[in-house]
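A.B. asks: Can you keep this structure in mind? I'll have questions shortly.
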Amino acid sequence: MESLKLFKPQLVSSLRHYNQKKFMADLMAGIIVGIVALPLAIAFGIASGVSPEKGIITAIVGGLIVSLFGGSKVQIGGPTGAFIVIIYDIIQNYGLEGLAIATLMAGIFLILLGILKLGTVIQYIPYPIIVGFTSGIAVTIFTTQIKDLFGLQIDQVPADFIEKWGSYIQHFGTLDLWTALIGILSIVIITITPKFSKKIPGSLIAIILMTVLALVLKQYAGVTTIETIGDRFSISNELPSAVAPALSWDTIQNLIGPATTIAILGAIESLLSATVADGVIGAHHNSNTELIAQGIANMASPLFGGIPATGAIARTMTNINNGGKTPVAGVIHAIVLLLIFLFLMPLAKYIPMACLAGVLVVVSYGMSGWRSCLSIMRNPKSDIIVLITTFLLTIIFNLTIAIEVGLLAACLLFMKRMSEITEVKVFEHDINPYEDVMYHDAPEEHLEIPEGIEVYEINGPYFFGAGNKFEEMMSTFGDRSKVRVIRMRKVPFIDSTGIHNLTNLCMMSKKAGIQIVLSGVTQKVHETLTKAHFQEIVPEENICSHIDGAMARAKELLNS
């Protein structure tokens, strides 16, 4: 019950000070965003391997739930290009029912992330990983649209990325000029529209104009080679009934990986979108509430035949730019899509596939983040390795492997960096116990280190790698010491690995007849050592808070 207190939808707080002016702003923004979302929902649905109406259903269900229960005032939810690759792979391997189960599981994972208050943790996923798999997804989406963009006559497009391009090159002579014209014109229209209109989306203008052009060419020029949505799909505007997928333990086990990928991808994209929106409107979203809302949306969407949904950056920014003030705009956007679905969906069958391919080509360019890639190329080599590895794994294998390996590589590189910042210093003759004191009247006398006492200082977190550095340092002294002082004033924390290394060091020293004294142990580190029963190895009187006491204790042990 306590964890549910964090679930505070922005809609509730927004309505407390709601007025007619805000409603009119939300109404106009919601209508425009609904129109903008229409071609994208259709394109994302088809590219993902499902029928176009499933993309719209996802936008309706996902968009409504995210706005009703989300933690952002202006977030717009629905299908996005980031999911295309993983959805297509799941359908190829497990079918539509497998996709429904994976999406349902991802929804549960997202809700758990929110309840466990891990919303802020997700935001710490390394930037090179996000850029790497986002760029990889963009290239993959672009690659899947080449056939429809140019009307290539290929019976079966290979699934493998390299083989796919080989097939395109081999069959490029079969392109249809009329189809290619529509595809290229669509890209041009979408690209130049923002220069003339900020309100009407270029994708909608391109779809209307190219659909009319295709109909004219068919009716009056006898062109029959332009493939439309109706040639490939049967369009239905009937509202689907809620149907729960049949669950089995074997299927659930097989889909844990893809479901986790959907959850991570959805969490990253939705929180990234909400963060970008915060920067524009000067607000602050509740990341945990947003994750719970995303989870509910992804549990509801597959029940109605939909696909995974998340926060959409482009539609969210469209909402803001058109005056959206509260989640009411997102609700209106879902209602607009519902009305279009019920009354205008049959007209979608006339939309050329090449036009939708053009829409997705522009989307993939926007996702590519090539400027971010170039920027990361100037960063440390470890970031470049993570970026390139994640990118190549995404386009050559699949997104699940890319995210898993990318996170593993990032963790290993982080461990390496952290071990490098932990330094072990050796004092051979004397110590200035007040070297870090900034006062002018601080004593200047140094503590001399008697023969038979070694003094080390650890600077940084004590965990992996520090133990090895100790061994290297100790070799410089030989076996002449009887007491070993370890100064830990600059150790902010110690983990189980550090305790294990420190324990081994103390046990080895004990066998060699060397006493251990710890100096400058902070309260936090001291509590950790106490919980680990470290006093059984090093007595409490040998754990000192300051170097003065530690040196005095070391001299007592030396003379005993």
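Identifiers in the structure tokens: chain A, B, ... in order shown; residue index from 1 per chain; ligand index from 1 in order shown.
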Residues of region 172-234 of chain A within 10 Å of region 312-330 of chain A: nearest atom pair and distance (Å, one decimal) for each, counting only C-alpha atoms, sorted by chain and number, as a tab-separated table?
C.D. replies:
residue	atom	partner	partner_atom	distance
A:Lys198	CA	A:Asn321	CA	8.7
A:Lys199	CA	A:Asn322	CA	7.3
A:Pro201	CA	A:Thr318	CA	9.2
A.B. asks: Produce a file of the selected residues containing N, CA, C and O atoms, as a PDB file, in the first residue's frame.
C.D. replies:
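Saved file again_25.pdb follows:
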ATOM      1  N   LYS A 198       3.912  25.027 -39.515  1.00  0.00           N
ATOM      2  CA  LYS A 198       4.313  24.426 -38.247  1.00  0.00           C
ATOM      3  C   LYS A 198       3.176  23.614 -37.638  1.00  0.00           C
ATOM      4  O   LYS A 198       3.403  22.779 -36.763  1.00  0.00           O
ATOM      5  N   LYS A 199       1.955  23.850 -38.096  1.00  0.00           N
ATOM      6  CA  LYS A 199       0.791  23.201 -37.510  1.00  0.00           C
ATOM      7  C   LYS A 199       0.473  21.877 -38.186  1.00  0.00           C
ATOM      8  O   LYS A 199       0.266  20.853 -37.539  1.00  0.00           O
ATOM      9  N   PRO A 201       1.239  18.557 -40.103  1.00  0.00           N
ATOM     10  CA  PRO A 201       2.420  17.701 -40.277  1.00  0.00           C
ATOM     11  C   PRO A 201       2.676  17.346 -41.734  1.00  0.00           C
ATOM     12  O   PRO A 201       1.736  17.101 -42.505  1.00  0.00           O
TER      13      PRO A 201
END
A.B. asks: Could you name the residues that touch Ile384 (chain A) at 10 Å or less, counting only C-alpha atoms, but leaving out those on the same chain fewer than 2 positions away, as JSON, numbers by chain?
C.D. replies: {"A": [128, 129, 132, 373, 374, 375, 376, 377, 378, 379, 380, 381, 382, 386, 387, 388, 389, 390]}
A.B. asks: Run DSSP on the backbone of this structure and report the residues of region 40-112 of chain A it assigns to helix (DSSP H, G or I), as a PyMOL selection string.
C.D. replies: chain A and resi 40-47+52-69+81-112
A.B. asks: Within 9 Å of region 164-169 of chain A, counting only C-alpha atoms, which residues show up once you throw out same-chain ones fewer than 2 positions away? Write them as a list in words, please.
C.D. replies: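 Within the cut-off, the hits are Thr143, Thr144, Ile146, Lys147, Leu152, Ile154, Val157, Pro158, Ala159, Asp160, Phe161, Ile162, His171, Phe172 and Gly173 of chain A.
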A.B. asks: Need to verify the contact set: Leu339 (chain A), 12 Å, only C-alpha atoms, exclusion of same-chain residues closer than 2 positions in sequence. Can you return it as a count of residues only?
C.D. replies: 21
A.B. asks: Using only C-alpha atoms, what table do you get, as JSON lines, when you list each residue of region 270-310 of chain A with an atom no more than 7 Å from region 107-123 of chain A, its nearest pair of atoms, and their distance in Å rounded to one decimal, rows by chain then rising number?
C.D. replies:
{"residue": "A:Ser287", "atom": "CA", "partner": "A:Gly119", "partner_atom": "CA", "distance": 5.0}
{"residue": "A:Asn288", "atom": "CA", "partner": "A:Gly114", "partner_atom": "CA", "distance": 4.2}
{"residue": "A:Thr289", "atom": "CA", "partner": "A:Gly114", "partner_atom": "CA", "distance": 6.3}
{"residue": "A:Leu291", "atom": "CA", "partner": "A:Gly114", "partner_atom": "CA", "distance": 5.1}
{"residue": "A:Ile292", "atom": "CA", "partner": "A:Ile111", "partner_atom": "CA", "distance": 4.3}
{"residue": "A:Gln294", "atom": "CA", "partner": "A:Leu110", "partner_atom": "CA", "distance": 6.7}
{"residue": "A:Gly295", "atom": "CA", "partner": "A:Gly107", "partner_atom": "CA", "distance": 3.8}
{"residue": "A:Ile296", "atom": "CA", "partner": "A:Gly107", "partner_atom": "CA", "distance": 6.1}
{"residue": "A:Asn298", "atom": "CA", "partner": "A:Gly107", "partner_atom": "CA", "distance": 4.7}
{"residue": "A:Met299", "atom": "CA", "partner": "A:Gly107", "partner_atom": "CA", "distance": 4.9}
A.B. asks: Let's have the selection written as a compact mmCIF listing (two decimals), in the first residue's frame, with N, CA, C and O atoms.
C.D. replies:
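Output file part-v3.txt is given in full below:
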# COMPACT_ATOMS: atom_id res chain seq x y z
N SER A 287 8.80 10.20 -12.53
CA SER A 287 9.27 9.09 -13.36
C SER A 287 8.65 7.75 -12.96
O SER A 287 8.36 6.91 -13.81
N ASN A 288 8.46 7.53 -11.67
CA ASN A 288 7.89 6.25 -11.22
C ASN A 288 6.42 6.13 -11.63
O ASN A 288 5.97 5.07 -12.07
N THR A 289 5.67 7.21 -11.49
CA THR A 289 4.28 7.20 -11.94
C THR A 289 4.20 7.00 -13.45
O THR A 289 3.33 6.28 -13.94
N LEU A 291 6.31 5.32 -15.31
CA LEU A 291 6.58 3.91 -15.60
C LEU A 291 5.36 3.04 -15.31
O LEU A 291 5.06 2.11 -16.07
N ILE A 292 4.66 3.33 -14.23
CA ILE A 292 3.45 2.56 -13.91
C ILE A 292 2.41 2.74 -15.00
O ILE A 292 1.77 1.77 -15.44
N GLN A 294 2.95 3.57 -18.14
CA GLN A 294 3.43 2.86 -19.33
C GLN A 294 3.18 1.36 -19.20
O GLN A 294 2.83 0.69 -20.17
N GLY A 295 3.35 0.85 -17.98
CA GLY A 295 3.08 -0.57 -17.76
C GLY A 295 1.62 -0.91 -17.95
O GLY A 295 1.28 -1.93 -18.59
N ILE A 296 0.72 -0.08 -17.42
CA ILE A 296 -0.71 -0.32 -17.60
C ILE A 296 -1.08 -0.27 -19.07
O ILE A 296 -1.85 -1.10 -19.57
N ASN A 298 0.81 -0.97 -21.63
CA ASN A 298 1.31 -2.14 -22.34
C ASN A 298 0.62 -3.43 -21.90
O ASN A 298 0.72 -4.44 -22.59
N MET A 299 -0.05 -3.41 -20.78
CA MET A 299 -0.87 -4.55 -20.40
C MET A 299 -2.23 -4.49 -21.10
O MET A 299 -2.82 -5.53 -21.41
A.B. asks: Can you work out which one of A:Ile307, A:Met28, A:Val74, A:Ala552 has the shortest atom-to-atom distance to Leu96 (chain A), counting only C-alpha atoms?
C.D. replies: A:Ile307
